[in-house]
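Have a look at run_2.cif; it's mmCIF, C-alpha atoms:
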data_protein
loop_
_atom_site.label_atom_id
_atom_site.label_comp_id
_atom_site.auth_asym_id
_atom_site.auth_seq_id
_atom_site.Cartn_x
_atom_site.Cartn_y
_atom_site.Cartn_z
CA MET A 118 15.55 31.05 -12.55
CA ILE A 119 17.90 33.81 -13.69
CA ILE A 120 19.42 33.08 -17.09
CA ARG A 121 21.71 35.09 -19.35
CA LEU A 122 20.08 35.27 -22.76
CA ALA A 123 20.55 36.87 -26.16
CA LEU A 124 18.87 40.24 -26.65
CA ILE A 125 16.65 40.82 -29.64
CA GLY A 126 15.38 44.11 -31.04
CA SER A 127 16.97 47.47 -31.81
CA GLY A 128 15.81 49.62 -28.90
CA THR A 129 13.17 51.63 -30.75
CA GLN A 130 9.50 52.06 -29.84
CA THR A 131 8.45 49.68 -32.60
CA ASP A 132 11.29 47.22 -32.01
CA PRO A 133 12.39 47.48 -28.38
CA PHE A 134 15.19 45.45 -26.87
CA ALA A 135 13.62 42.31 -25.41
CA ILE A 136 14.03 38.65 -24.60
CA ASP A 137 12.53 36.09 -26.97
CA LEU A 138 10.41 34.33 -24.36
CA PRO A 139 6.67 34.38 -23.59
CA THR A 140 7.13 35.14 -19.89
CA PHE A 141 10.04 36.72 -18.03
CA SER A 142 10.79 39.49 -15.56
CA GLY A 143 13.52 41.77 -14.22
CA VAL A 144 15.53 42.21 -17.42
CA VAL A 145 18.94 43.87 -17.14
CA THR A 146 20.70 44.46 -20.47
CA ASN A 147 24.03 45.15 -22.09
CA GLU A 148 23.21 46.31 -25.61
CA ALA A 149 26.91 46.37 -26.60
CA THR A 150 27.37 42.65 -25.98
CA GLY A 151 23.77 41.71 -26.86
CA ARG A 152 23.27 39.95 -23.54
CA ALA A 153 20.69 40.26 -20.76
CA PHE A 154 19.85 38.65 -17.46
CA ALA A 155 16.21 37.68 -17.09
CA ASP A 156 14.18 35.89 -14.45
CA VAL A 157 12.40 33.05 -16.26
CA PRO A 158 9.72 30.77 -14.71
CA VAL A 159 11.23 27.35 -14.08
CA SER A 160 8.12 25.79 -15.60
CA ASP A 161 9.12 27.38 -18.94
CA ILE A 162 12.59 25.82 -19.01
CA PRO A 163 13.26 22.20 -20.04
CA ALA A 164 15.43 20.16 -17.69
CA ASP A 165 18.31 19.88 -20.18
CA VAL A 166 18.45 23.68 -20.55
CA VAL A 167 18.50 24.01 -16.76
CA ALA A 168 21.38 21.54 -16.71
CA PHE A 169 23.30 23.58 -19.30
CA VAL A 170 22.76 26.84 -17.38
CA ASN A 171 23.91 25.22 -14.15
CA ALA A 172 26.96 23.74 -15.86
CA TYR A 173 28.09 27.12 -17.22
CA PRO A 174 27.21 29.80 -14.66
CA THR A 175 27.50 33.45 -15.75
CA PHE A 176 28.34 36.38 -13.52
CA ASP A 177 28.40 39.38 -15.86
CA LEU A 178 26.96 40.54 -19.18
CA VAL A 179 30.31 40.59 -20.97
CA THR A 180 32.25 37.32 -20.59
CA PRO A 181 31.29 34.85 -23.35
CA LEU A 182 30.14 31.33 -22.50
CA PRO A 183 32.99 28.79 -22.57
CA VAL A 184 30.93 26.77 -25.07
CA PRO A 185 28.14 28.02 -27.32
CA PHE A 186 24.54 27.07 -26.52
CA PRO A 187 23.94 23.92 -28.63
CA GLN A 188 21.51 24.35 -31.52
CA SER A 189 19.82 21.09 -30.52
CA LEU A 190 19.00 22.54 -27.10
CA ALA A 191 17.77 25.79 -28.66
CA ASN A 192 15.46 23.84 -30.96
CA ALA A 193 14.22 21.67 -28.10
CA TRP A 194 13.47 24.75 -25.97
CA ALA A 195 11.53 26.39 -28.80
CA GLU A 196 9.43 23.26 -29.27
CA TYR A 197 8.87 22.94 -25.53
CA LEU A 198 7.51 26.50 -25.34
CA ALA A 199 5.36 26.03 -28.43
CA ARG A 200 3.72 22.96 -26.87
CA ARG A 201 3.37 24.55 -23.45
CA TYR A 202 1.67 27.75 -24.65
CA ASP A 203 -0.12 26.12 -27.61
CA LEU A 204 -0.82 29.42 -29.39
CA GLY A 205 -0.87 28.25 -33.00
CA ASN A 206 1.95 29.70 -35.06
CA VAL A 207 3.34 31.84 -32.25
CA ARG A 208 6.95 30.79 -31.62
CA TRP A 209 9.80 31.86 -29.35
CA HIS A 210 13.45 31.05 -29.89
CA PRO A 211 15.41 31.89 -26.73
CA VAL A 212 19.17 31.42 -26.77
CA VAL A 213 21.39 31.13 -23.69
CA PHE A 214 24.17 33.58 -24.51
CA MET B 194 -41.17 18.34 0.92
CA LYS B 195 -37.45 18.12 0.49
CA VAL B 196 -36.03 19.85 -2.56
CA THR B 197 -32.59 18.78 -3.71
CA SER B 198 -30.49 20.29 -6.47
CA TYR B 199 -27.45 18.71 -7.97
CA ALA B 200 -26.36 21.93 -9.58
CA VAL B 201 -22.97 22.97 -8.27
CA ALA B 202 -21.61 26.45 -8.71
CA ARG B 203 -18.36 26.71 -10.60
CA PRO B 204 -15.45 27.47 -8.28
CA ALA B 205 -14.17 31.02 -8.10
CA TYR B 206 -11.41 31.81 -10.58
CA TYR B 207 -8.70 31.68 -7.93
CA ASP B 208 -9.80 28.14 -7.05
CA ARG B 209 -9.41 26.89 -10.63
CA ASN B 210 -5.69 26.04 -10.48
CA GLY B 211 -4.95 29.67 -9.70
CA ALA B 212 -1.29 30.66 -9.96
CA THR B 213 0.45 33.95 -9.37
CA SER B 214 2.86 35.65 -11.74
CA VAL B 215 4.61 38.79 -10.56
CA LEU B 216 6.28 41.00 -13.14
CA VAL B 217 8.86 43.27 -11.56
CA TYR B 218 11.46 45.73 -12.68
CA SER B 219 13.26 47.51 -9.88
CA ALA B 220 16.59 49.20 -10.62
CA THR B 221 18.38 52.52 -11.06
CA ASP B 222 19.31 53.16 -14.69
CA VAL B 223 21.11 55.76 -16.75
CA PRO B 224 19.47 56.93 -20.00
CA HIS B 225 18.70 54.00 -22.28
CA ALA B 226 16.86 52.84 -25.38
CA VAL B 227 13.39 51.28 -25.26
CA ILE B 228 13.70 48.02 -23.32
CA THR B 229 11.05 45.43 -22.49
CA ARG B 230 11.79 44.61 -18.87
CA ALA B 231 9.18 41.89 -18.36
CA THR B 232 6.49 40.04 -20.27
CA PHE B 233 3.62 37.72 -19.39
CA THR B 234 1.77 35.65 -22.00
CA THR B 235 -1.46 33.76 -21.36
CA ALA B 236 -1.34 30.17 -22.63
CA THR B 237 -4.16 28.35 -24.38
CA GLY B 238 -6.68 26.96 -21.90
CA LYS B 239 -5.98 29.72 -19.40
CA LYS B 240 -7.17 33.23 -18.59
CA ALA B 241 -5.57 35.77 -16.31
CA TYR B 242 -6.49 38.84 -14.31
CA ILE B 243 -4.13 41.71 -13.68
CA GLU B 244 -4.87 42.35 -10.03
CA MET B 245 -2.43 45.21 -9.51
CA ALA B 246 -0.21 47.37 -11.72
CA ALA B 247 1.89 50.33 -10.65
CA ILE B 248 4.83 52.48 -11.69
CA PHE B 249 7.02 54.53 -9.37
CA LEU B 250 9.84 56.66 -10.78
CA ARG B 251 12.28 58.82 -8.83
CA GLN B 252 15.08 60.95 -10.23
CA GLU B 253 18.14 59.42 -8.59
CA THR B 254 20.73 61.83 -10.02
CA ALA B 255 19.99 64.97 -11.99
CA ALA B 256 19.79 64.80 -15.76
CA THR B 257 22.37 66.98 -17.51
CA VAL B 258 19.88 67.61 -20.29
CA VAL B 259 16.27 66.59 -19.63
CA GLY B 260 14.59 64.35 -22.16
CA ARG B 261 11.47 62.31 -22.65
CA SER B 262 11.24 59.28 -20.39
CA PHE B 263 8.41 56.82 -20.28
CA SER B 264 7.49 53.64 -18.44
CA VAL B 265 4.44 51.53 -19.16
CA VAL B 266 2.51 48.50 -18.00
CA ARG B 267 1.02 47.55 -21.35
CA ILE B 268 -1.55 45.02 -22.53
CA THR B 269 -1.36 43.81 -26.11
CA SER B 270 -4.17 41.99 -27.87
CA GLY B 271 -3.26 41.21 -31.45
CA THR B 272 -2.32 44.57 -32.93
CA ASP B 273 -4.20 46.52 -30.24
CA ILE B 274 -2.26 48.18 -27.46
CA MET B 275 -3.63 49.47 -24.15
CA ASP B 276 -1.53 51.01 -21.40
CA MET B 277 -2.88 50.03 -18.00
CA ALA B 278 -0.38 52.34 -16.30
CA ARG B 279 1.82 54.90 -18.01
CA ILE B 280 4.20 57.70 -17.11
CA ASP B 281 5.33 59.68 -20.14
CA SER B 282 7.01 62.99 -19.40
CA ASN B 283 10.40 64.63 -19.13
CA SER B 284 13.11 63.59 -16.73
CA SER B 285 14.25 66.21 -14.22
CA THR B 286 17.27 68.20 -13.11
CA VAL B 287 15.92 68.00 -9.55
CA VAL B 288 17.01 64.97 -7.53
CA ASN B 289 14.17 62.98 -5.92
CA THR B 290 11.51 64.33 -8.25
CA SER B 291 9.00 61.48 -8.34
CA ARG B 292 6.28 60.33 -10.69
CA VAL B 293 3.65 57.70 -9.88
CA ASP B 294 0.87 55.93 -11.75
CA HIS B 295 -1.43 53.06 -10.78
CA GLY B 296 -3.50 50.80 -13.00
CA VAL B 297 -7.23 50.81 -12.38
CA GLY B 298 -9.59 47.85 -12.81
CA GLN B 299 -8.92 44.15 -13.29
CA PRO B 300 -8.61 43.47 -17.02
CA THR B 301 -8.83 39.90 -18.27
CA ILE B 302 -5.90 38.64 -20.34
CA TYR B 303 -7.03 36.01 -22.86
CA PRO B 304 -4.85 33.35 -24.55
CA GLY B 305 -2.17 34.95 -26.70
CA GLU B 306 -2.53 38.35 -25.09
CA THR B 307 0.41 39.78 -23.19
CA VAL B 308 1.29 42.12 -20.35
CA ILE B 309 4.54 44.04 -20.81
CA LEU B 310 6.69 46.28 -18.62
CA ARG B 311 8.78 48.70 -20.67
CA THR B 312 11.12 51.63 -19.91
CA TYR B 313 12.85 54.38 -21.86
CA ASP B 314 14.93 57.43 -20.93
CA GLY B 315 16.03 59.83 -23.64
CA SER B 316 17.86 62.22 -21.32
CA THR B 317 21.53 63.05 -21.35
CA GLY B 318 23.18 62.13 -18.07
CA GLY B 319 21.51 61.47 -14.76
CA SER B 320 19.69 58.37 -13.61
CA ILE B 321 16.20 57.28 -12.62
CA ASP B 322 15.14 54.76 -9.99
CA TYR B 323 12.47 52.53 -11.56
CA SER B 324 9.90 50.37 -9.82
CA LEU B 325 7.36 48.76 -12.14
CA TYR B 326 5.01 46.00 -10.95
CA ALA B 327 2.17 43.86 -12.20
CA LYS B 328 0.57 41.12 -10.11
CA ILE B 329 -1.24 38.58 -12.27
CA THR B 330 -3.38 35.56 -11.38
CA THR B 331 -3.69 32.83 -14.01
CA PHE B 332 -6.50 30.27 -13.85
CA ASP B 333 -8.22 27.58 -15.91
CA ALA B 334 -10.47 29.17 -18.51
#
Encoding of this model in structure tokens:
Amino acid sequence: MIIRLALIGSGTQTDPFAIDLPTFSGVVTNEATGRAFADVPVSDIPADVVAFVNAYPTFDLVTPLPVPFPQSLANAWAEYLARRYDLGNVRWHPVVF
Amino acid sequence: MKVTSYAVARPAYYDRNGATSVLVYSATDVPHAVITRATFTTATGKKAYIEMAAIFLRQETAATVVGRSFSVVRITSGTDIMDMARIDSNSSTVVNTSRVDHGVGQPTIYPGETVILRTYDGSTGGSIDYSLYAKITTFDA
């Protein structure tokens, strides 16, 4: 599923621009707005995040979301990934942006 | 005399809940900072094989000033880094100049290890057509 997400990183070799997810593909970025499209496995996305993405479709890397991604959903997604990958203290904190 | 064994061979890896992940980056880009285009992470209880990795670059429009450009299919294991495929050289002022690299072997990716596709172009002007691929099969450890 293609989702518009917040970019992390600074674009250097030691801190490249990236998406804060364990698995994704096909990233297209806009460093000026801090946004990127990424193809994320559906199995890595909780149903309520899918519902949010479907409710607020995005068509470019500039126009802000009409409503910010709720912190409760962000927290739930992070916990979902932590359980799914079960890699100890490794954590991801993706944000629909 | 009839001899019977109850020993059963373990199924091949691709028959142990095998699943495919394909990492792809395919686009034409102007010069840009270092960007991670795709990532795969092996979850606990799984292992994965990289069955194919390749990079194809083609100068789409000529660079005004050539610069270093690199693309990698990279494996990370803790703090260790190994490039399974890598192109690291200058861009070109000649349109359609191409650069190719293929990964060799079938490395195993253990839980917590990652496979990353990354690109960079430090040129001024011009654009490069990127095609980076990694085909990965995940299975029960």
What would the selection look like, as a tab-separated table (two decimals) with C-alpha atoms, in the coordinates of the input, if the PyMOL selection byres ((chain A and resi 177-188) around 7) were run on the coordinates I just shared?
chain	number	residue	atom	x	y	z
A	147	ASN	CA	24.03	45.15	-22.09
A	150	THR	CA	27.37	42.65	-25.98
A	152	ARG	CA	23.27	39.95	-23.54
A	153	ALA	CA	20.69	40.26	-20.76
A	175	THR	CA	27.50	33.45	-15.75
A	176	PHE	CA	28.34	36.38	-13.52
A	189	SER	CA	19.82	21.09	-30.52
A	190	LEU	CA	19.00	22.54	-27.10
A	191	ALA	CA	17.77	25.79	-28.66
A	192	ASN	CA	15.46	23.84	-30.96
A	212	VAL	CA	19.17	31.42	-26.77
A	213	VAL	CA	21.39	31.13	-23.69
A	214	PHE	CA	24.17	33.58	-24.51
**OP:** Show which residues sit within 9 Å of Val297 (chain B), as a ChimeraX atom specification. Count all atoms listed in the file, and ignore same-chain residues fewer than 6 positions away.
**Re:** /B:245-246,277-278
Original post:
For chain B against chain A, which residues fall within 6 Å using only C-alpha atoms, given as a ChimeraX atom specification?
Top reply: /B:216-218,226-234,236-237
Original post:
Which residues match the PyMOL selection byres ((chain B and resi 261) around 8) in the file above, as a ChimeraX atom specification?
Top reply: /B:259-260,262-263,281-284,314-316
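The interatomic distance for the pair CA of Glu253 (chain B) and CA of Ile125 (chain A) works out to 28.1 Å.
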Subject >> Result set of the PyMOL selection byres ((chain A and resi 162) around 10) on the coordinates above, as an MDAnalysis selection string >> reply: chainID A and resid 118 157:161 163:167 194:195 197:198
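Our summary of the geometry notes that CA of Ile329 (chain B) is positioned 6.6 Å from CA of Ala241 (chain B).
If you look at CA of Ser264 (chain B) and CA of Phe332 (chain B), they are 27.6 Å away from each other.
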Original post:
What's the 8 Å shell around Asp222 (chain B), counting all atoms listed in the file, without same-chain residues fewer than 6 positions away, as a VMD selection string?
Top reply: chain B and resid 320 to 323
Subject >> Contacts of Val265 (chain B) at 7 Å (only C-alpha atoms; same-chain gap of 4+ positions) as an MDAnalysis selection string >> reply: chainID B and resid 276 278:280 310:312
